[in-house]
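Structure file entry_35.cif; described as mmCIF, C-alpha atoms.
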```
data_coords
loop_
_atom_site.group_PDB
_atom_site.id
_atom_site.type_symbol
_atom_site.label_atom_id
_atom_site.label_comp_id
_atom_site.auth_asym_id
_atom_site.auth_seq_id
_atom_site.Cartn_x
_atom_site.Cartn_y
_atom_site.Cartn_z
ATOM 1 C CA GLU T 1 -10.574 7.768 -63.586
ATOM 2 C CA ALA T 2 -10.993 11.315 -62.399
ATOM 3 C CA LEU T 3 -12.017 12.062 -58.859
ATOM 4 C CA GLY T 4 -15.495 13.171 -59.803
ATOM 5 C CA PRO T 5 -18.525 12.590 -57.597
ATOM 6 C CA VAL T 6 -19.197 9.102 -58.963
ATOM 7 C CA ALA T 7 -15.577 8.027 -58.435
ATOM 8 C CA LEU T 8 -15.765 9.315 -54.866
ATOM 9 C CA VAL T 9 -18.987 7.356 -54.265
ATOM 10 C CA GLY T 10 -17.226 4.333 -55.772
ATOM 11 C CA MET T 11 -14.232 4.680 -53.457
ATOM 12 C CA ALA T 12 -16.502 5.033 -50.434
ATOM 13 C CA LEU T 13 -18.401 2.002 -51.677
ATOM 14 C CA THR T 14 -15.183 -0.034 -51.878
ATOM 15 C CA ALA T 15 -14.533 0.651 -48.197
ATOM 16 C CA ALA T 16 -18.127 0.357 -46.954
ATOM 17 C CA GLY T 17 -18.881 -2.748 -49.007
ATOM 18 C CA GLY T 18 -15.597 -4.374 -47.965
ATOM 19 C CA LYS T 19 -16.387 -3.610 -44.329
ATOM 20 C CA ALA T 20 -19.865 -5.136 -44.639
ATOM 21 C CA ILE T 21 -18.394 -8.240 -46.274
ATOM 22 C CA GLY T 22 -15.741 -8.415 -43.541
ATOM 23 C CA GLU T 23 -18.540 -8.370 -40.977
ATOM 24 C CA GLY T 24 -20.203 -11.251 -42.822
ATOM 25 C CA ASN T 25 -23.086 -9.061 -43.977
ATOM 26 C CA ARG T 26 -23.233 -9.583 -47.743
ATOM 27 C CA ALA T 27 -26.830 -8.344 -47.813
ATOM 28 C CA GLN T 28 -25.598 -4.982 -46.491
ATOM 29 C CA ALA T 29 -22.905 -4.920 -49.199
ATOM 30 C CA ARG T 30 -25.618 -5.476 -51.812
ATOM 31 C CA ARG T 31 -27.770 -2.666 -50.339
ATOM 32 C CA ILE T 32 -24.835 -0.257 -50.223
ATOM 33 C CA THR T 33 -23.984 -1.059 -53.833
ATOM 34 C CA ARG T 34 -27.584 -0.629 -54.963
ATOM 35 C CA TRP T 35 -27.698 2.797 -53.297
ATOM 36 C CA GLY T 36 -24.324 3.780 -54.741
ATOM 37 C CA ALA T 37 -25.413 2.722 -58.225
ATOM 38 C CA GLY T 38 -28.649 4.638 -57.868
ATOM 39 C CA ILE T 39 -26.854 7.786 -56.757
ATOM 40 C CA GLY T 40 -24.236 7.527 -59.518
ATOM 41 C CA ILE T 41 -26.671 6.751 -62.326
ATOM 42 C CA VAL T 42 -29.177 9.432 -61.298
ATOM 43 C CA TYR T 43 -26.429 12.028 -60.925
ATOM 44 C CA MET T 44 -24.830 11.226 -64.273
ATOM 45 C CA GLY T 45 -28.235 10.826 -65.923
ATOM 46 C CA LEU T 46 -29.351 14.290 -64.795
ATOM 47 C CA ALA T 47 -26.050 15.763 -65.924
ATOM 48 C CA GLY T 48 -26.511 13.990 -69.269
ATOM 49 C CA VAL T 49 -30.022 15.393 -69.673
ATOM 50 C CA ALA T 50 -28.677 18.880 -68.952
ATOM 51 C CA VAL T 51 -25.840 18.441 -71.459
ATOM 52 C CA VAL T 52 -28.239 17.242 -74.174
ATOM 53 C CA ALA T 53 -30.787 19.971 -73.402
ATOM 54 C CA PHE T 54 -28.150 22.710 -73.490
ATOM 55 C CA ARG T 55 -25.786 21.197 -76.045
ATOM 56 C CA GLU T 56 -26.130 24.054 -78.511
ATOM 57 C CA PRO T 57 -25.294 26.874 -76.066
ATOM 58 C CA LEU T 58 -22.483 24.716 -74.645
ATOM 59 C CA ALA T 59 -21.160 24.074 -78.145
ATOM 60 C CA TRP T 60 -21.314 27.784 -79.012
ATOM 61 C CA ALA T 61 -19.357 28.521 -75.823
ATOM 62 C CA MET T 62 -16.618 26.187 -77.092
ATOM 63 C CA ALA T 63 -16.589 27.467 -80.674
ATOM 64 C CA PRO T 64 -13.808 29.869 -81.638
ATOM 65 C CA PRO T 65 -15.151 33.418 -81.930
ATOM 66 C CA ASN T 66 -15.382 34.923 -85.422
ATOM 67 C CA ASP T 67 -14.592 31.576 -87.057
ATOM 68 C CA PRO T 68 -16.411 30.983 -90.350
ATOM 69 C CA ALA T 69 -16.584 27.258 -89.460
ATOM 70 C CA ALA T 70 -18.230 27.924 -86.069
ATOM 71 C CA ALA T 71 -21.624 26.592 -87.168
ATOM 72 C CA GLN T 72 -20.034 23.329 -88.285
ATOM 73 C CA ILE T 73 -18.050 23.102 -85.023
ATOM 74 C CA VAL T 74 -21.265 23.622 -83.055
ATOM 75 C CA GLU T 75 -23.045 20.928 -85.071
ATOM 76 C CA TRP T 76 -20.294 18.337 -84.472
ATOM 77 C CA THR T 77 -19.844 19.338 -80.836
ATOM 78 C CA GLY T 78 -23.592 18.882 -80.295
ATOM 79 C CA ARG T 79 -23.404 15.354 -81.709
ATOM 80 C CA LEU T 80 -20.447 14.505 -79.489
ATOM 81 C CA LEU T 81 -22.219 15.874 -76.415
ATOM 82 C CA ILE T 82 -25.147 13.495 -77.032
ATOM 83 C CA VAL T 83 -22.713 10.582 -77.261
ATOM 84 C CA CYS T 84 -20.991 11.778 -74.067
ATOM 85 C CA ALA T 85 -24.325 11.952 -72.225
ATOM 86 C CA ILE T 86 -25.029 8.302 -73.041
ATOM 87 C CA TYR T 87 -21.451 7.336 -72.166
ATOM 88 C CA GLN T 88 -21.523 8.864 -68.707
ATOM 89 C CA VAL T 89 -24.607 6.973 -67.513
ATOM 90 C CA PHE T 90 -22.996 3.621 -68.293
ATOM 91 C CA ASP T 91 -19.670 4.871 -66.984
ATOM 92 C CA ALA T 92 -21.380 5.424 -63.620
ATOM 93 C CA LEU T 93 -22.677 1.832 -63.725
ATOM 94 C CA PHE T 94 -19.157 0.639 -64.570
ATOM 95 C CA ILE T 95 -17.389 2.716 -61.898
ATOM 96 C CA ILE T 96 -19.779 1.825 -59.074
ATOM 97 C CA HIS T 97 -19.817 -1.905 -59.715
ATOM 98 C CA THR T 98 -16.069 -2.101 -60.340
ATOM 99 C CA HIS T 99 -15.489 -0.484 -56.945
ATOM 100 C CA ALA T 100 -18.008 -2.815 -55.311
ATOM 101 C CA LEU T 101 -16.179 -5.806 -56.798
ATOM 102 C CA ARG T 102 -12.843 -4.429 -55.538
ATOM 103 C CA GLY T 103 -14.260 -4.178 -52.035
ATOM 104 C CA ALA T 104 -15.293 -7.827 -52.342
ATOM 105 C CA GLY T 105 -11.814 -8.843 -53.494
ATOM 106 C CA ASP T 106 -12.970 -9.621 -57.044
ATOM 107 C CA THR T 107 -10.302 -7.942 -59.164
ATOM 108 C CA TYR T 108 -8.844 -10.509 -61.566
ATOM 109 C CA VAL T 109 -11.821 -11.152 -63.865
ATOM 110 C CA PRO T 110 -12.800 -7.460 -64.055
ATOM 111 C CA ALA T 111 -9.228 -6.568 -65.020
ATOM 112 C CA VAL T 112 -9.121 -9.261 -67.714
ATOM 113 C CA LEU T 113 -12.505 -8.135 -69.078
ATOM 114 C CA ALA T 114 -11.354 -4.509 -69.129
ATOM 115 C CA ALA T 115 -8.232 -5.446 -71.099
ATOM 116 C CA ILE T 116 -10.107 -7.622 -73.615
ATOM 117 C CA PHE T 117 -12.938 -5.129 -74.074
ATOM 118 C CA ALA T 118 -10.460 -2.260 -74.463
ATOM 119 C CA LEU T 119 -8.649 -4.120 -77.232
ATOM 120 C CA VAL T 120 -11.856 -5.168 -78.987
ATOM 121 C CA PHE T 121 -14.075 -2.133 -78.558
ATOM 122 C CA LEU T 122 -11.710 0.801 -78.052
ATOM 123 C CA LEU T 123 -8.747 -0.127 -80.209
ATOM 124 C CA ALA T 124 -10.306 -2.292 -82.934
ATOM 125 C CA GLY T 125 -13.739 -0.664 -82.733
ATOM 126 C CA GLY T 126 -12.354 2.863 -82.763
ATOM 127 C CA TRP T 127 -10.121 2.051 -85.716
ATOM 128 C CA ALA T 128 -12.979 0.335 -87.587
ATOM 129 C CA ALA T 129 -15.342 3.232 -86.940
ATOM 130 C CA ALA T 130 -12.800 5.706 -88.311
ATOM 131 C CA ALA T 131 -11.787 3.523 -91.271
ATOM 132 C CA VAL T 132 -15.191 2.168 -92.324
ATOM 133 C CA PHE T 133 -17.362 5.162 -91.430
ATOM 134 C CA PRO T 134 -15.141 8.230 -91.946
ATOM 135 C CA GLU T 135 -18.247 10.360 -92.483
ATOM 136 C CA LEU T 136 -18.972 9.991 -88.759
ATOM 137 C CA GLY T 137 -15.819 11.944 -87.958
ATOM 138 C CA ALA T 138 -14.978 11.987 -84.262
ATOM 139 C CA VAL T 139 -18.399 10.551 -83.428
ATOM 140 C CA GLY T 140 -17.372 7.108 -84.792
ATOM 141 C CA PRO T 141 -14.541 6.397 -82.345
ATOM 142 C CA TRP T 142 -16.623 7.904 -79.554
ATOM 143 C CA LEU T 143 -19.396 5.437 -80.394
ATOM 144 C CA ALA T 144 -16.816 2.655 -80.033
ATOM 145 C CA GLY T 145 -16.034 4.129 -76.601
ATOM 146 C CA VAL T 146 -19.726 4.105 -75.730
ATOM 147 C CA ILE T 147 -20.008 0.457 -76.763
ATOM 148 C CA TYR T 148 -16.981 -0.302 -74.566
ATOM 149 C CA VAL T 149 -18.371 1.442 -71.504
ATOM 150 C CA VAL T 150 -21.857 -0.074 -72.020
ATOM 151 C CA ALA T 151 -20.268 -3.546 -72.217
ATOM 152 C CA MET T 152 -18.110 -2.867 -69.146
ATOM 153 C CA GLY T 153 -20.962 -1.312 -67.177
ATOM 154 C CA LEU T 154 -23.341 -4.171 -67.907
ATOM 155 C CA GLY T 155 -20.559 -6.724 -67.428
ATOM 156 C CA MET T 156 -19.565 -5.409 -63.995
ATOM 157 C CA TRP T 157 -23.218 -5.051 -62.992
ATOM 158 C CA ALA T 158 -23.881 -8.672 -64.032
ATOM 159 C CA ARG T 159 -20.778 -9.905 -62.222
ATOM 160 C CA TRP T 160 -21.937 -8.142 -59.056
ATOM 161 C CA ARG T 161 -25.602 -9.081 -59.487
ATOM 162 C CA PHE T 162 -25.045 -12.788 -60.083
ATOM 163 C CA GLY T 163 -22.524 -13.080 -57.287
ATOM 164 C CA PRO T 164 -19.195 -14.697 -58.204
ATOM 165 C CA TRP T 165 -17.714 -12.278 -55.648
ATOM 166 C CA GLU T 166 -19.693 -14.039 -52.909
ATOM 167 C CA ARG T 167 -17.502 -17.146 -53.261
ATOM 168 C CA ILE T 168 -14.309 -15.199 -52.534
ATOM 169 C CA ASP T 169 -12.959 -15.687 -49.023
ATOM 170 C CA LEU T 170 -10.976 -12.590 -48.130
ATOM 171 C CA PHE T 171 -9.787 -14.147 -44.877
ATOM 172 C CA LYS T 172 -8.387 -17.398 -46.235
ATOM 173 C CA PRO T 173 -4.597 -17.198 -46.179
ATOM 174 C CA PRO T 174 -3.029 -17.698 -49.587
ATOM 175 C CA THR T 175 -1.590 -21.118 -50.127
ATOM 176 C CA ALA T 176 2.133 -21.187 -50.701
ATOM 177 C CA THR T 177 3.197 -22.901 -53.878
ATOM 178 C CA PRO T 178 6.291 -24.988 -53.224
ATOM 179 C CA LEU T 179 9.278 -24.199 -55.396
ATOM 180 C CA PRO T 180 10.489 -26.887 -57.762
ATOM 181 C CA ALA T 181 13.474 -28.839 -56.403
ATOM 182 C CA SER T 182 15.820 -27.268 -58.966
ATOM 183 C CA ALA T 183 14.835 -23.707 -57.933
ATOM 184 C CA SER T 184 15.230 -24.327 -54.204
ATOM 185 C CA ALA T 185 18.736 -25.785 -54.641
ATOM 186 C CA SER T 186 20.167 -22.586 -56.132
#
```
Just dump the structure as structure tokens.
Amino acid sequence: EALGPVALVGMALTAAGGKAIGEGNRAQARRITRWGAGIGIVYMGLAGVAVVAFREPLAWAMAPPNDPAAAQIVEWTGRLLIVCAIYQVFDALFIIHTHALRGAGDTYVPAVLAAIFALVFLLAGGWAAAAVFPELGAVGPWLAGVIYVVAMGLGMWARWRFGPWERIDLFKPPTATPLPASASAS
């Protein structure tokens, strides 16, 4: 992920939330995360509103000058900018809550979910969108990306909200697994 404002809030949240958890103050970790999510979602939401409101001038700025296909480029770019505006709001939800879970030591399940959802929504969904709905052009695979980030955003929010991370003890030393007798003899 790029080091945009939401990623920076997420990184700060990882440290601040982890510190609050280390101090035994899970309520503070929840408050910090709620504030971080609010900041990220409002920021990305306002940026999304601006992108949608000004999508045509933005698209014209990206269109090649004196190109007979410029109007078509602007039309497709405008559609993609709407999809991107939706994407970024849920991406903020995803980034913030993933960082909060990292600060709590909850990394395994989020990583597994990210891998499964990427295979299902990004790879299979992107392929299906392009193969089954070719008339959507680039918008089809982008919609698969939106579905992925909505699923990840809501999934990470739910994981944080319903608290599996609260059962993780960051201070418990890992238990050593004894080696089998055959491995220790060599």
May I have the residues within 12 Å of range 55-62 of chain T as a PyMOL selection string, using all atoms listed in the file and disregarding those fewer than 2 positions away in the same chain?
chain T and resi 47-53+64-67+69-85
I need the output of the PyMOL selection byres ((chain T and resi 103) around 10) for this file as a ChimeraX atom specification; which residues are they?
/T:10-22,29,97-102,104-107,165,170
Could you work out how far CA of Ala138 in chain T lies from CA of Ala111 in chain T, giving the answer in Å with one decimal?
27.3 Å
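Pairwise distance (CA of Val89 in chain T, CA of Glu135 in chain T) equals 26.0 Å.
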Return the single residue from T:Ile86, T:Val112, T:Ala130, T:Leu123 that is closest to Val146 in chain T, with distances computed using all atoms listed in the file.
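Closest to Val146 in chain T, using all atoms listed in the file: T:Ile86.
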For CA of Val42 in chain T and CA of Val6 in chain T, determine how far apart the two atoms are, in Å to one decimal place.
10.3 Å
Decode the PyMOL selection byres ((chain T and resi 151) around 10) for the given file into explicit residues and return them as a list in words.
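For this structure, the PyMOL selection byres ((chain T and resi 151) around 10) captures Phe90, Asp91, Phe94, Leu113, Ala114, Phe117, Phe121, Gly145, Val146, Ile147, Tyr148, Val149, Val150, Met152, Gly153, Leu154, Gly155, Met156 and Trp157 of chain T.
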Pick from T:Glu23, T:Gly137, T:Ala144, T:Arg161, whichever lies nearest to Val120 in chain T using only C-alpha atoms:
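Ranked by minimum distance to Val120 in chain T, first place goes to T:Ala144.
Take the candidates T:Leu8, T:Pro180, T:Tyr87, T:Pro110 and check each one against Ala158 in chain T using all atoms listed in the file; the shortest distance goes to T:Pro110.
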Which is closest to Trp160 in chain T among T:Gly140, T:Phe133, T:Arg30, T:Thr175, if we use only C-alpha atoms?
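Counting only C-alpha atoms, the residue closest to Trp160 in chain T is T:Arg30.
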